[in-house]
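The file upload-v9.pdb contains PDB, C-alpha atoms, pLDDT in the B column:
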```
MODEL        1
ATOM      1  CA  MET A   1       0.037  12.813  -6.257  1.00 97.00           C
ATOM      2  CA  LYS A   2       0.274   9.680  -4.117  1.00 98.00           C
ATOM      3  CA  ILE A   3       3.450   9.660  -2.008  1.00 98.00           C
ATOM      4  CA  ALA A   4       4.418   6.562  -0.044  1.00 99.00           C
ATOM      5  CA  SER A   5       7.207   5.628   2.345  1.00 99.00           C
ATOM      6  CA  TRP A   6       8.443   2.112   3.034  1.00 99.00           C
ATOM      7  CA  ASN A   7      11.367   0.603   4.932  1.00 98.00           C
ATOM      8  CA  VAL A   8      11.881  -2.458   2.743  1.00 98.00           C
ATOM      9  CA  ASN A   9      14.601  -4.079   4.903  1.00 98.00           C
ATOM     10  CA  SER A  10      16.764  -5.016   1.876  1.00 98.00           C
ATOM     11  CA  VAL A  11      15.412  -4.134  -1.542  1.00 98.00           C
ATOM     12  CA  LYS A  12      17.065  -7.112  -3.220  1.00 97.00           C
ATOM     13  CA  ALA A  13      15.751  -9.620  -0.690  1.00 97.00           C
ATOM     14  CA  ARG A  14      12.205  -8.194  -1.025  1.00 98.00           C
ATOM     15  CA  LEU A  15      12.314  -7.322  -4.714  1.00 98.00           C
ATOM     16  CA  ASP A  16       9.328  -9.454  -5.750  1.00 98.00           C
ATOM     17  CA  ASN A  17       7.233  -7.927  -2.979  1.00 98.00           C
ATOM     18  CA  VAL A  18       8.375  -4.420  -3.863  1.00 98.00           C
ATOM     19  CA  LEU A  19       7.548  -4.838  -7.546  1.00 98.00           C
ATOM     20  CA  ASP A  20       4.151  -6.388  -6.774  1.00 98.00           C
ATOM     21  CA  TRP A  21       3.311  -3.508  -4.449  1.00 98.00           C
ATOM     22  CA  LEU A  22       4.423  -0.857  -6.934  1.00 98.00           C
ATOM     23  CA  LYS A  23       2.099  -2.412  -9.510  1.00 98.00           C
ATOM     24  CA  THR A  24      -0.927  -2.766  -7.220  1.00 98.00           C
ATOM     25  CA  ALA A  25      -0.644   0.364  -5.047  1.00 98.00           C
ATOM     26  CA  ALA A  26       0.595   2.519  -7.951  1.00 98.00           C
ATOM     27  CA  PRO A  27       2.178   5.350  -5.932  1.00 98.00           C
ATOM     28  CA  ASP A  28       3.522   8.288  -7.909  1.00 98.00           C
ATOM     29  CA  VAL A  29       6.450   8.796  -5.545  1.00 98.00           C
ATOM     30  CA  VAL A  30       8.060   6.261  -3.211  1.00 99.00           C
ATOM     31  CA  LEU A  31      10.495   6.975  -0.397  1.00 99.00           C
ATOM     32  CA  LEU A  32      12.450   3.812   0.419  1.00 98.00           C
ATOM     33  CA  GLN A  33      14.616   3.128   3.446  1.00 98.00           C
ATOM     34  CA  GLU A  34      17.051   0.419   4.494  1.00 98.00           C
ATOM     35  CA  ILE A  35      17.700  -0.683   0.938  1.00 98.00           C
ATOM     36  CA  LYS A  36      20.955  -2.308   2.158  1.00 98.00           C
ATOM     37  CA  THR A  37      22.883  -1.981  -1.077  1.00 98.00           C
ATOM     38  CA  VAL A  38      25.360   0.282  -2.799  1.00 97.00           C
ATOM     39  CA  ASP A  39      24.041   2.402  -5.666  1.00 97.00           C
ATOM     40  CA  ASP A  40      25.222  -0.016  -8.369  1.00 96.00           C
ATOM     41  CA  GLY A  41      23.458  -2.921  -6.655  1.00 97.00           C
ATOM     42  CA  PHE A  42      20.047  -1.263  -6.663  1.00 98.00           C
ATOM     43  CA  PRO A  43      17.513  -3.013  -8.972  1.00 98.00           C
ATOM     44  CA  ARG A  44      17.169   0.069 -11.123  1.00 97.00           C
ATOM     45  CA  LEU A  45      16.218  -1.710 -14.365  1.00 98.00           C
ATOM     46  CA  GLU A  46      13.323  -3.633 -12.824  1.00 98.00           C
ATOM     47  CA  ILE A  47      11.922  -0.522 -11.161  1.00 98.00           C
ATOM     48  CA  GLU A  48      12.491   1.749 -14.149  1.00 98.00           C
ATOM     49  CA  ALA A  49      10.534  -0.767 -16.235  1.00 98.00           C
ATOM     50  CA  LEU A  50       7.490   0.203 -14.158  1.00 98.00           C
ATOM     51  CA  GLY A  51       7.883   3.840 -15.139  1.00 98.00           C
ATOM     52  CA  TYR A  52       9.897   5.202 -12.221  1.00 98.00           C
ATOM     53  CA  GLN A  53      12.967   7.386 -12.177  1.00 98.00           C
ATOM     54  CA  CYS A  54      15.330   6.456  -9.351  1.00 98.00           C
ATOM     55  CA  ALA A  55      17.615   8.442  -7.063  1.00 98.00           C
ATOM     56  CA  ILE A  56      19.735   6.304  -4.754  1.00 98.00           C
ATOM     57  CA  HIS A  57      21.996   6.967  -1.797  1.00 98.00           C
ATOM     58  CA  GLY A  58      23.233   3.506  -0.908  1.00 97.00           C
ATOM     59  CA  GLN A  59      25.599   1.808   1.481  1.00 96.00           C
ATOM     60  CA  LYS A  60      26.967  -1.729   1.523  1.00 94.00           C
ATOM     61  CA  SER A  61      24.914  -4.124   3.688  1.00 94.00           C
ATOM     62  CA  TYR A  62      23.421  -1.396   5.910  1.00 95.00           C
ATOM     63  CA  ASN A  63      21.135   1.633   5.752  1.00 97.00           C
ATOM     64  CA  GLY A  64      20.618   3.160   2.302  1.00 98.00           C
ATOM     65  CA  VAL A  65      17.712   5.241   0.982  1.00 98.00           C
ATOM     66  CA  ALA A  66      16.095   5.855  -2.407  1.00 98.00           C
ATOM     67  CA  ILE A  67      13.437   7.977  -4.084  1.00 98.00           C
ATOM     68  CA  LEU A  68      11.314   6.603  -6.938  1.00 98.00           C
ATOM     69  CA  SER A  69       9.187   8.953  -9.021  1.00 98.00           C
ATOM     70  CA  LYS A  70       6.804   8.708 -11.958  1.00 98.00           C
ATOM     71  CA  VAL A  71       6.320  12.481 -12.049  1.00 98.00           C
ATOM     72  CA  GLY A  72       9.855  13.743 -12.547  1.00 97.00           C
ATOM     73  CA  LEU A  73      12.902  13.839 -10.314  1.00 98.00           C
ATOM     74  CA  SER A  74      15.318  16.749 -10.032  1.00 98.00           C
ATOM     75  CA  ASP A  75      17.663  18.655  -7.717  1.00 97.00           C
ATOM     76  CA  VAL A  76      18.747  15.525  -5.871  1.00 98.00           C
ATOM     77  CA  GLN A  77      20.633  16.091  -2.620  1.00 97.00           C
ATOM     78  CA  PRO A  78      22.128  13.181  -0.660  1.00 95.00           C
ATOM     79  CA  ARG A  79      23.182  13.402   2.980  1.00 91.00           C
ATOM     80  CA  LEU A  80      21.905  15.493   5.844  1.00 95.00           C
ATOM     81  CA  PHE A  81      23.744  18.741   6.487  1.00 92.00           C
ATOM     82  CA  GLY A  82      25.536  19.417   9.758  1.00 95.00           C
ATOM     83  CA  ASP A  83      28.130  16.640  10.178  1.00 95.00           C
ATOM     84  CA  ASP A  84      30.675  16.046   7.431  1.00 93.00           C
ATOM     85  CA  THR A  85      32.061  13.032   9.308  1.00 94.00           C
ATOM     86  CA  ASP A  86      28.772  11.101   9.155  1.00 95.00           C
ATOM     87  CA  GLU A  87      29.146   8.453   6.429  1.00 94.00           C
ATOM     88  CA  GLN A  88      25.869   6.605   7.061  1.00 97.00           C
ATOM     89  CA  ALA A  89      23.460   6.696   4.104  1.00 98.00           C
ATOM     90  CA  ARG A  90      20.268   7.780   5.854  1.00 98.00           C
ATOM     91  CA  TYR A  91      18.942  10.833   3.991  1.00 98.00           C
ATOM     92  CA  LEU A  92      18.091  11.784   0.422  1.00 98.00           C
ATOM     93  CA  GLU A  93      16.162  14.806  -0.815  1.00 98.00           C
ATOM     94  CA  ALA A  94      14.752  15.728  -4.234  1.00 98.00           C
ATOM     95  CA  THR A  95      12.045  17.650  -6.059  1.00 98.00           C
ATOM     96  CA  VAL A  96       9.245  15.594  -7.628  1.00 98.00           C
ATOM     97  CA  GLY A  97       6.529  16.828  -9.951  1.00 95.00           C
ATOM     98  CA  ASN A  98       6.540  20.566 -10.467  1.00 89.00           C
ATOM     99  CA  ASP A  99       6.860  21.816  -6.921  1.00 93.00           C
ATOM    100  CA  VAL A 100       7.017  19.100  -4.246  1.00 98.00           C
ATOM    101  CA  ARG A 101      10.212  18.733  -2.216  1.00 98.00           C
ATOM    102  CA  VAL A 102      10.517  15.300  -0.614  1.00 98.00           C
ATOM    103  CA  ALA A 103      13.040  13.620   1.637  1.00 98.00           C
ATOM    104  CA  THR A 104      13.440   9.958   2.462  1.00 98.00           C
ATOM    105  CA  ILE A 105      14.660   9.495   6.023  1.00 98.00           C
ATOM    106  CA  TYR A 106      16.106   6.498   7.853  1.00 98.00           C
ATOM    107  CA  LEU A 107      16.578   7.923  11.314  1.00 98.00           C
ATOM    108  CA  PRO A 108      19.008   6.048  13.595  1.00 98.00           C
ATOM    109  CA  ASN A 109      17.533   3.430  15.904  1.00 98.00           C
ATOM    110  CA  GLY A 110      19.576   4.496  18.927  1.00 98.00           C
ATOM    111  CA  ASN A 111      19.684   1.224  20.838  1.00 98.00           C
ATOM    112  CA  PRO A 112      21.261   0.330  23.154  1.00 98.00           C
ATOM    113  CA  VAL A 113      20.617   3.603  24.949  1.00 98.00           C
ATOM    114  CA  ALA A 114      23.745   3.269  27.115  1.00 97.00           C
ATOM    115  CA  SER A 115      25.969   3.165  24.025  1.00 98.00           C
ATOM    116  CA  GLU A 116      27.174   5.898  21.665  1.00 98.00           C
ATOM    117  CA  LYS A 117      24.233   5.066  19.396  1.00 98.00           C
ATOM    118  CA  TYR A 118      21.712   7.051  21.415  1.00 98.00           C
ATOM    119  CA  PRO A 119      23.608  10.368  21.449  1.00 98.00           C
ATOM    120  CA  TYR A 120      24.129   9.856  17.705  1.00 98.00           C
ATOM    121  CA  LYS A 121      20.358   9.457  17.257  1.00 98.00           C
ATOM    122  CA  LEU A 122      19.569  12.637  19.197  1.00 98.00           C
ATOM    123  CA  ALA A 123      22.271  14.607  17.351  1.00 98.00           C
ATOM    124  CA  TRP A 124      20.913  13.328  14.044  1.00 98.00           C
ATOM    125  CA  MET A 125      17.420  14.491  15.031  1.00 98.00           C
ATOM    126  CA  LYS A 126      18.813  17.922  15.865  1.00 98.00           C
ATOM    127  CA  ARG A 127      20.338  18.123  12.388  1.00 98.00           C
ATOM    128  CA  LEU A 128      17.055  16.973  10.856  1.00 98.00           C
ATOM    129  CA  LYS A 129      15.185  19.681  12.743  1.00 98.00           C
ATOM    130  CA  ALA A 130      17.572  22.300  11.360  1.00 98.00           C
ATOM    131  CA  ARG A 131      17.045  21.084   7.795  1.00 98.00           C
ATOM    132  CA  ALA A 132      13.277  20.832   8.316  1.00 98.00           C
ATOM    133  CA  ALA A 133      13.260  24.454   9.461  1.00 98.00           C
ATOM    134  CA  GLU A 134      15.242  25.519   6.378  1.00 98.00           C
ATOM    135  CA  LEU A 135      12.757  23.778   4.114  1.00 98.00           C
ATOM    136  CA  LEU A 136       9.842  25.520   5.823  1.00 98.00           C
ATOM    137  CA  ARG A 137      11.422  28.871   5.094  1.00 98.00           C
ATOM    138  CA  THR A 138      11.067  28.150   1.374  1.00 97.00           C
ATOM    139  CA  GLU A 139       7.269  28.224   1.924  1.00 97.00           C
ATOM    140  CA  GLY A 140       7.049  25.283  -0.467  1.00 97.00           C
ATOM    141  CA  VAL A 141       5.247  21.955  -0.518  1.00 98.00           C
ATOM    142  CA  VAL A 142       7.475  19.669   1.561  1.00 98.00           C
ATOM    143  CA  VAL A 143       7.021  16.002   2.527  1.00 98.00           C
ATOM    144  CA  LEU A 144       9.532  14.462   4.947  1.00 98.00           C
ATOM    145  CA  GLY A 145       8.859  10.726   4.950  1.00 98.00           C
ATOM    146  CA  GLY A 146      10.536   7.683   6.318  1.00 98.00           C
ATOM    147  CA  ASP A 147      11.349   5.347   9.140  1.00 98.00           C
ATOM    148  CA  TYR A 148      11.786   7.814  11.973  1.00 98.00           C
ATOM    149  CA  ASN A 149      12.382   5.114  14.604  1.00 98.00           C
ATOM    150  CA  VAL A 150      10.167   7.220  16.869  1.00 98.00           C
ATOM    151  CA  ILE A 151       6.978   6.085  18.630  1.00 98.00           C
ATOM    152  CA  PRO A 152       5.257   9.452  19.122  1.00 98.00           C
ATOM    153  CA  THR A 153       2.708   8.571  21.852  1.00 98.00           C
ATOM    154  CA  ASP A 154       1.267   5.743  23.936  1.00 98.00           C
ATOM    155  CA  ASP A 155      -1.431   5.410  21.270  1.00 98.00           C
ATOM    156  CA  ASP A 156       1.226   4.317  18.774  1.00 98.00           C
ATOM    157  CA  VAL A 157       2.481   1.210  20.609  1.00 98.00           C
ATOM    158  CA  HIS A 158       0.778  -2.013  21.644  1.00 97.00           C
ATOM    159  CA  ASP A 159       2.331  -2.066  25.141  1.00 97.00           C
ATOM    160  CA  PRO A 160       3.876   1.224  26.321  1.00 97.00           C
ATOM    161  CA  ALA A 161       5.335  -0.331  29.473  1.00 97.00           C
ATOM    162  CA  ALA A 162       7.353  -2.814  27.419  1.00 96.00           C
ATOM    163  CA  TRP A 163       8.971   0.011  25.423  1.00 97.00           C
ATOM    164  CA  VAL A 164       9.520   2.591  28.158  1.00 96.00           C
ATOM    165  CA  ASP A 165      13.328   2.299  28.148  1.00 96.00           C
ATOM    166  CA  ASP A 166      13.708   1.765  24.401  1.00 98.00           C
ATOM    167  CA  ALA A 167      15.441   4.444  22.317  1.00 98.00           C
ATOM    168  CA  LEU A 168      12.353   4.658  20.094  1.00 98.00           C
ATOM    169  CA  PHE A 169      10.124   5.648  23.016  1.00 98.00           C
ATOM    170  CA  ARG A 170      12.301   7.486  25.499  1.00 98.00           C
ATOM    171  CA  PRO A 171      11.097  10.968  26.501  1.00 98.00           C
ATOM    172  CA  GLU A 172      14.101  12.632  24.859  1.00 98.00           C
ATOM    173  CA  THR A 173      13.301  10.918  21.555  1.00 98.00           C
ATOM    174  CA  ARG A 174       9.636  11.863  21.599  1.00 98.00           C
ATOM    175  CA  ALA A 175      10.484  15.434  22.612  1.00 98.00           C
ATOM    176  CA  ALA A 176      12.907  15.775  19.685  1.00 98.00           C
ATOM    177  CA  PHE A 177      10.207  14.506  17.315  1.00 98.00           C
ATOM    178  CA  ARG A 178       7.678  16.975  18.725  1.00 98.00           C
ATOM    179  CA  GLU A 179      10.157  19.798  18.185  1.00 98.00           C
ATOM    180  CA  ILE A 180      10.132  18.984  14.466  1.00 98.00           C
ATOM    181  CA  LEU A 181       6.332  18.878  14.400  1.00 98.00           C
ATOM    182  CA  TRP A 182       6.120  22.160  16.297  1.00 98.00           C
ATOM    183  CA  LEU A 183       8.112  23.897  13.584  1.00 98.00           C
ATOM    184  CA  GLY A 184       4.877  23.667  11.614  1.00 98.00           C
ATOM    185  CA  TYR A 185       4.742  20.115  10.236  1.00 98.00           C
ATOM    186  CA  THR A 186       1.659  17.882  10.165  1.00 98.00           C
ATOM    187  CA  ASP A 187       1.641  14.103  10.689  1.00 98.00           C
ATOM    188  CA  ALA A 188      -0.242  13.066   7.532  1.00 98.00           C
ATOM    189  CA  PHE A 189      -1.701   9.912   9.048  1.00 98.00           C
ATOM    190  CA  ARG A 190      -2.907  11.515  12.285  1.00 98.00           C
ATOM    191  CA  ALA A 191      -4.346  14.492  10.419  1.00 98.00           C
ATOM    192  CA  LEU A 192      -7.036  12.242   8.967  1.00 98.00           C
ATOM    193  CA  ASP A 193      -7.165   9.194  11.261  1.00 98.00           C
ATOM    194  CA  GLN A 194      -7.267   9.411  15.052  1.00 96.00           C
ATOM    195  CA  THR A 195      -7.702   5.650  15.528  1.00 97.00           C
ATOM    196  CA  VAL A 196      -5.375   4.432  18.268  1.00 97.00           C
ATOM    197  CA  HIS A 197      -3.075   1.443  17.959  1.00 97.00           C
ATOM    198  CA  LYS A 198      -2.520   1.535  14.221  1.00 98.00           C
ATOM    199  CA  TYR A 199       0.984   0.305  13.451  1.00 98.00           C
ATOM    200  CA  THR A 200       3.624   0.305  10.710  1.00 98.00           C
ATOM    201  CA  PHE A 201       6.155  -2.144  12.181  1.00 98.00           C
ATOM    202  CA  TRP A 202       5.819  -5.603  13.699  1.00 98.00           C
ATOM    203  CA  ASP A 203       8.851  -7.554  14.888  1.00 97.00           C
ATOM    204  CA  TYR A 204       9.629 -10.903  13.300  1.00 96.00           C
ATOM    205  CA  GLN A 205       9.815 -12.511  16.752  1.00 93.00           C
ATOM    206  CA  GLY A 206       7.072 -13.785  19.033  1.00 90.00           C
ATOM    207  CA  GLY A 207       4.240 -13.712  16.531  1.00 95.00           C
ATOM    208  CA  ALA A 208       4.022  -9.924  16.737  1.00 97.00           C
ATOM    209  CA  TRP A 209       2.369  -9.601  13.324  1.00 97.00           C
ATOM    210  CA  GLN A 210      -0.185 -12.308  14.014  1.00 97.00           C
ATOM    211  CA  ARG A 211      -1.055 -10.722  17.368  1.00 97.00           C
ATOM    212  CA  ASP A 212      -0.966  -7.171  15.994  1.00 98.00           C
ATOM    213  CA  GLU A 213       1.658  -6.209  18.574  1.00 98.00           C
ATOM    214  CA  GLY A 214       3.293  -3.391  16.674  1.00 98.00           C
ATOM    215  CA  VAL A 215       4.453   0.205  16.791  1.00 98.00           C
ATOM    216  CA  ARG A 216       3.895   3.219  14.529  1.00 98.00           C
ATOM    217  CA  ILE A 217       7.342   4.518  13.634  1.00 98.00           C
ATOM    218  CA  ASP A 218       7.015   5.339   9.925  1.00 99.00           C
ATOM    219  CA  HIS A 219       5.722   8.835   9.310  1.00 98.00           C
ATOM    220  CA  LEU A 220       5.016  11.383   6.581  1.00 99.00           C
ATOM    221  CA  LEU A 221       5.428  14.952   7.854  1.00 99.00           C
ATOM    222  CA  LEU A 222       3.902  17.728   5.747  1.00 98.00           C
ATOM    223  CA  SER A 223       4.714  21.419   5.553  1.00 98.00           C
ATOM    224  CA  PRO A 224       1.678  23.736   5.895  1.00 98.00           C
ATOM    225  CA  GLN A 225       1.562  24.107   2.114  1.00 98.00           C
ATOM    226  CA  ALA A 226       1.502  20.308   1.713  1.00 98.00           C
ATOM    227  CA  ALA A 227      -1.018  19.827   4.533  1.00 98.00           C
ATOM    228  CA  ASP A 228      -3.349  22.288   2.800  1.00 97.00           C
ATOM    229  CA  ARG A 229      -3.375  19.939  -0.202  1.00 97.00           C
ATOM    230  CA  LEU A 230      -3.727  16.678   1.768  1.00 98.00           C
ATOM    231  CA  THR A 231      -6.726  14.634   0.584  1.00 98.00           C
ATOM    232  CA  ALA A 232      -6.046  11.122   1.926  1.00 98.00           C
ATOM    233  CA  SER A 233      -3.569   9.121   3.996  1.00 98.00           C
ATOM    234  CA  GLY A 234      -3.214   5.643   5.388  1.00 98.00           C
ATOM    235  CA  ILE A 235      -1.189   2.577   6.296  1.00 98.00           C
ATOM    236  CA  ASP A 236      -1.104  -0.248   3.740  1.00 98.00           C
ATOM    237  CA  THR A 237      -0.777  -3.435   5.793  1.00 98.00           C
ATOM    238  CA  ALA A 238      -1.076  -5.861   2.866  1.00 98.00           C
ATOM    239  CA  PRO A 239       2.686  -6.158   2.171  1.00 98.00           C
ATOM    240  CA  ARG A 240       3.396  -7.193   5.791  1.00 98.00           C
ATOM    241  CA  ALA A 241       1.246 -10.316   5.332  1.00 97.00           C
ATOM    242  CA  LYS A 242       3.224 -11.607   2.350  1.00 97.00           C
ATOM    243  CA  PRO A 243       5.895 -14.314   2.501  1.00 96.00           C
ATOM    244  CA  LYS A 244       9.414 -12.914   3.065  1.00 96.00           C
ATOM    245  CA  ALA A 245       7.869  -9.599   4.101  1.00 98.00           C
ATOM    246  CA  SER A 246       9.706  -6.603   5.454  1.00 98.00           C
ATOM    247  CA  ASP A 247       8.972  -6.014   9.135  1.00 98.00           C
ATOM    248  CA  HIS A 248       7.669  -2.548   8.101  1.00 98.00           C
ATOM    249  CA  THR A 249       4.708  -1.781   5.873  1.00 98.00           C
ATOM    250  CA  PRO A 250       4.123   1.255   3.618  1.00 98.00           C
ATOM    251  CA  VAL A 251       2.513   4.509   4.753  1.00 98.00           C
ATOM    252  CA  TRP A 252       1.076   6.876   2.162  1.00 98.00           C
ATOM    253  CA  CYS A 253      -0.683  10.163   1.556  1.00 98.00           C
ATOM    254  CA  GLU A 254      -2.307  11.887  -1.400  1.00 98.00           C
ATOM    255  CA  ILE A 255      -1.727  15.551  -2.209  1.00 97.00           C
ATOM    256  CA  ARG A 256      -3.867  17.328  -4.755  1.00 96.00           C
ATOM    257  CA  ASP A 257      -2.367  19.391  -7.536  1.00 90.00           C
ATOM    258  CA  ALA A 258      -1.983  23.114  -7.053  1.00 81.00           C
ATOM    259  CA  ALA A 259      -5.054  25.113  -8.054  1.00 69.00           C
TER
ENDMDL
END
```

Would you write the structure of this file as structure tokens?
Amino acid sequence: MKIASWNVNSVKARLDNVLDWLKTAAPDVVLLQEIKTVDDGFPRLEIEALGYQCAIHGQKSYNGVAILSKVGLSDVQPRLFGDDTDEQARYLEATVGNDVRVATIYLPNGNPVASEKYPYKLAWMKRLKARAAELLRTEGVVVLGGDYNVIPTDDDVHDPAAWVDDALFRPETRAAFREILWLGYTDAFRALDQTVHKYTFWDYQGGAWQRDEGVRIDHLLLSPQAADRLTASGIDTAPRAKPKASDHTPVWCEIRDAA
């Protein structure tokens, strides 16, 4: 099963690119973030025509997440537990295939740090850790994928000094991300590729893409049972080079079927 995650930065604005990538990359399961549309505005017909079932948790103009699956889609759960007042559409969970529990995650950016946005980010990460721990207790195959808005280490950013005060790179942010990993999750990309300075996001400004001045903030975290079945992982940079590209590019992993 090939599982991919992609912050598309508006699914309607990038629809041609999304459809082209679905055809060429042929993932079995896709975790989308920042779809920027309500559920009824999602291009369900075009995507279903390619053989995918769709689960959507949308929001007008901002945020929004979706799960696409060619291998079945059941037990869909929108929202992240722990704060009934949080109306932002940033989390969606479902079972795909026979036994794989996936979540698509659009973690808050948190900038500017001096505003209420940074405490919201850290509180959201605390809630995510609690849910991640619950999922581990099922002892199932779990994949938590998405735009985490977290740069884990200096090896994941082109210029650490330039990002030192950014919410994506602050020590508190990285520590909260490590706490999730230390529950027992594996970074699918790093498990198989230790190459430094591989990125998933390049800003639209300043020729960042052309200069390869990026950051790695999109991650697939695997439970031990999923990590045991990991056979491949990578970053697909091809979509970032297309006209009208998202500023993110897909990350993916392959998990073999149960024996």

Exercise for review: Could you check how far CA of Leu15 (chain A) sits from CA of Asp212 (chain A), in Å to one decimal?
Suggested key: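 Value for the CA of Leu15 (chain A)-CA of Asp212 (chain A) distance: 24.6 Å.
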
Please build the interface table for region 189-210 of chain A against region 218-233 of chain A with a cut-off of 10 Å, listing for each qualifying residue the nearest atom pair and the distance in Å to one decimal; count all atoms listed in the file, order rows by chain and increasing number, and write it as JSON lines.
```
{"residue": "A:Phe189", "atom": "CA", "partner": "A:Ser233", "partner_atom": "CA", "distance": 5.4}
{"residue": "A:Arg190", "atom": "CA", "partner": "A:Ser233", "partner_atom": "CA", "distance": 8.7}
{"residue": "A:Ala191", "atom": "CA", "partner": "A:Ser233", "partner_atom": "CA", "distance": 8.4}
{"residue": "A:Leu192", "atom": "CA", "partner": "A:Ser233", "partner_atom": "CA", "distance": 6.8}
{"residue": "A:Asp193", "atom": "CA", "partner": "A:Ser233", "partner_atom": "CA", "distance": 8.1}
{"residue": "A:Tyr199", "atom": "CA", "partner": "A:Asp218", "partner_atom": "CA", "distance": 8.6}
{"residue": "A:Thr200", "atom": "CA", "partner": "A:Asp218", "partner_atom": "CA", "distance": 6.1}
{"residue": "A:Phe201", "atom": "CA", "partner": "A:Asp218", "partner_atom": "CA", "distance": 7.9}
```

Review point. If you apply the PyMOL selection byres ((chain A and resi 35-45) around 9) to this file, what residues do you get, as a PyMOL selection string?
Key: chain A and resi 7-12+15+32-34+46-50+52-66

Point to revise | Of the listed residues A:Pro119, A:Trp182, A:Thr104, A:Pro112, that which approaches Leu136 (chain A) most closely, counting all atoms listed in the file | key: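 Of A:Pro119, A:Trp182, A:Thr104, A:Pro112, the one nearest Leu136 (chain A) is A:Trp182, counting all atoms listed in the file.
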
Study note, to complete from the structure: Between CA of Leu31 (chain A) and CA of Phe81 (chain A) lies a distance of 19.0 Å

Residues returned when the PyMOL selection byres ((chain A and resi 163) around 12) runs on this file, as a JSON list (two decimals) with C-alpha atoms, in the coordinates of the input:
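Final output, selection.json:
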```json
[["chain", "number", "residue", "atom", "x", "y", "z"],
["A", 111, "ASN", "CA", 19.68, 1.22, 20.84],
["A", 150, "VAL", "CA", 10.17, 7.22, 16.87],
["A", 151, "ILE", "CA", 6.98, 6.08, 18.63],
["A", 152, "PRO", "CA", 5.26, 9.45, 19.12],
["A", 153, "THR", "CA", 2.71, 8.57, 21.85],
["A", 154, "ASP", "CA", 1.27, 5.74, 23.94],
["A", 156, "ASP", "CA", 1.23, 4.32, 18.77],
["A", 157, "VAL", "CA", 2.48, 1.21, 20.61],
["A", 158, "HIS", "CA", 0.78, -2.01, 21.64],
["A", 159, "ASP", "CA", 2.33, -2.07, 25.14],
["A", 160, "PRO", "CA", 3.88, 1.22, 26.32],
["A", 161, "ALA", "CA", 5.34, -0.33, 29.47],
["A", 162, "ALA", "CA", 7.35, -2.81, 27.42],
["A", 164, "VAL", "CA", 9.52, 2.59, 28.16],
["A", 165, "ASP", "CA", 13.33, 2.30, 28.15],
["A", 166, "ASP", "CA", 13.71, 1.76, 24.40],
["A", 167, "ALA", "CA", 15.44, 4.44, 22.32],
["A", 168, "LEU", "CA", 12.35, 4.66, 20.09],
["A", 169, "PHE", "CA", 10.12, 5.65, 23.02],
["A", 170, "ARG", "CA", 12.30, 7.49, 25.50],
["A", 171, "PRO", "CA", 11.10, 10.97, 26.50],
["A", 213, "GLU", "CA", 1.66, -6.21, 18.57],
["A", 214, "GLY", "CA", 3.29, -3.39, 16.67],
["A", 215, "VAL", "CA", 4.45, 0.20, 16.79]]
```

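Between CA of Tyr91 (chain A) and CA of Val29 (chain A) the separation is 15.8 Å.
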
Practice item. Give as a ChimeraX atom specification the residues that the PyMOL selection byres ((chain A and resi 102) around 12) matches when applied to the coordinates above. Key: /A:3-5,29-32,55,66-69,73-78,91-101,103-105,132,135,140-146,220-223,226

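Minimum atom-to-atom distances from A:Arg14, A:Lys23, A:Arg174, A:Arg90 to Asp147 (chain A) were compared using all atoms listed in the file, and the lowest value belongs to A:Arg90.
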
**Study point:** Selection: 8 Å around Arg127 (chain A), only C-alpha atoms, excl. self and same-chain fewer than 2 positions, as number ranges by chain
**Key:** A: 80-82, 123-125, 129-131

**Study point:** For Pro243 (chain A), the nearest of the candidates A:Tyr204, A:Tyr185, A:Leu22, A:Ala258, counting all atoms listed in the file
**Key:**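 Looking only at the distances to Pro243 (chain A), the closest residue turns out to be A:Tyr204.
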
Review point. For the point (13.7, 5.5, 11.6) in file coordinates, what residues are within 6 Å, counting only C-alpha atoms? Give the answer as a list in words?
Key: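 Residues with an atom close enough to that point: Tyr106, Leu107, Pro108, Asp147, Tyr148 and Asn149 of chain A.
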
How big is the axis-aligned box, and where does its centre sit, when it encloses all atoms of region 181-188 of chain A listed in the file and has 8 Å added on every side, reported in Å to one decimal as AutoDock Vina command-line options?
```
--center_x 3.9 --center_y 18.5 --center_z 11.9 --size_x 24.4 --size_y 26.8 --size_z 24.8
```

Exercise for review: Extract, using only C-alpha atoms, all DNA, RNA and protein residues at most 7 Å from Gly234 (chain A), discarding same-chain residues fewer than 6 positions from it, and format them as a list in words.
Suggested key: Phe189, Val251, Trp252 and Cys253 of chain A

Any chance you could export the current selection's C-alpha atoms as a CSV table (one decimal), in the frame of the given file?
```csv
chain,number,residue,atom,x,y,z
A,189,PHE,CA,-1.7,9.9,9.0
A,251,VAL,CA,2.5,4.5,4.8
A,252,TRP,CA,1.1,6.9,2.2
A,253,CYS,CA,-0.7,10.2,1.6
```

Check your understanding: Near Lys244 (chain A), counting all atoms listed in the file, which residues have an atom at most 9 Å away, once you skip same-chain residues fewer than 4 positions from it, shown as an NGL selection string?
Key -> :A and (13-14 or 17 or 240)
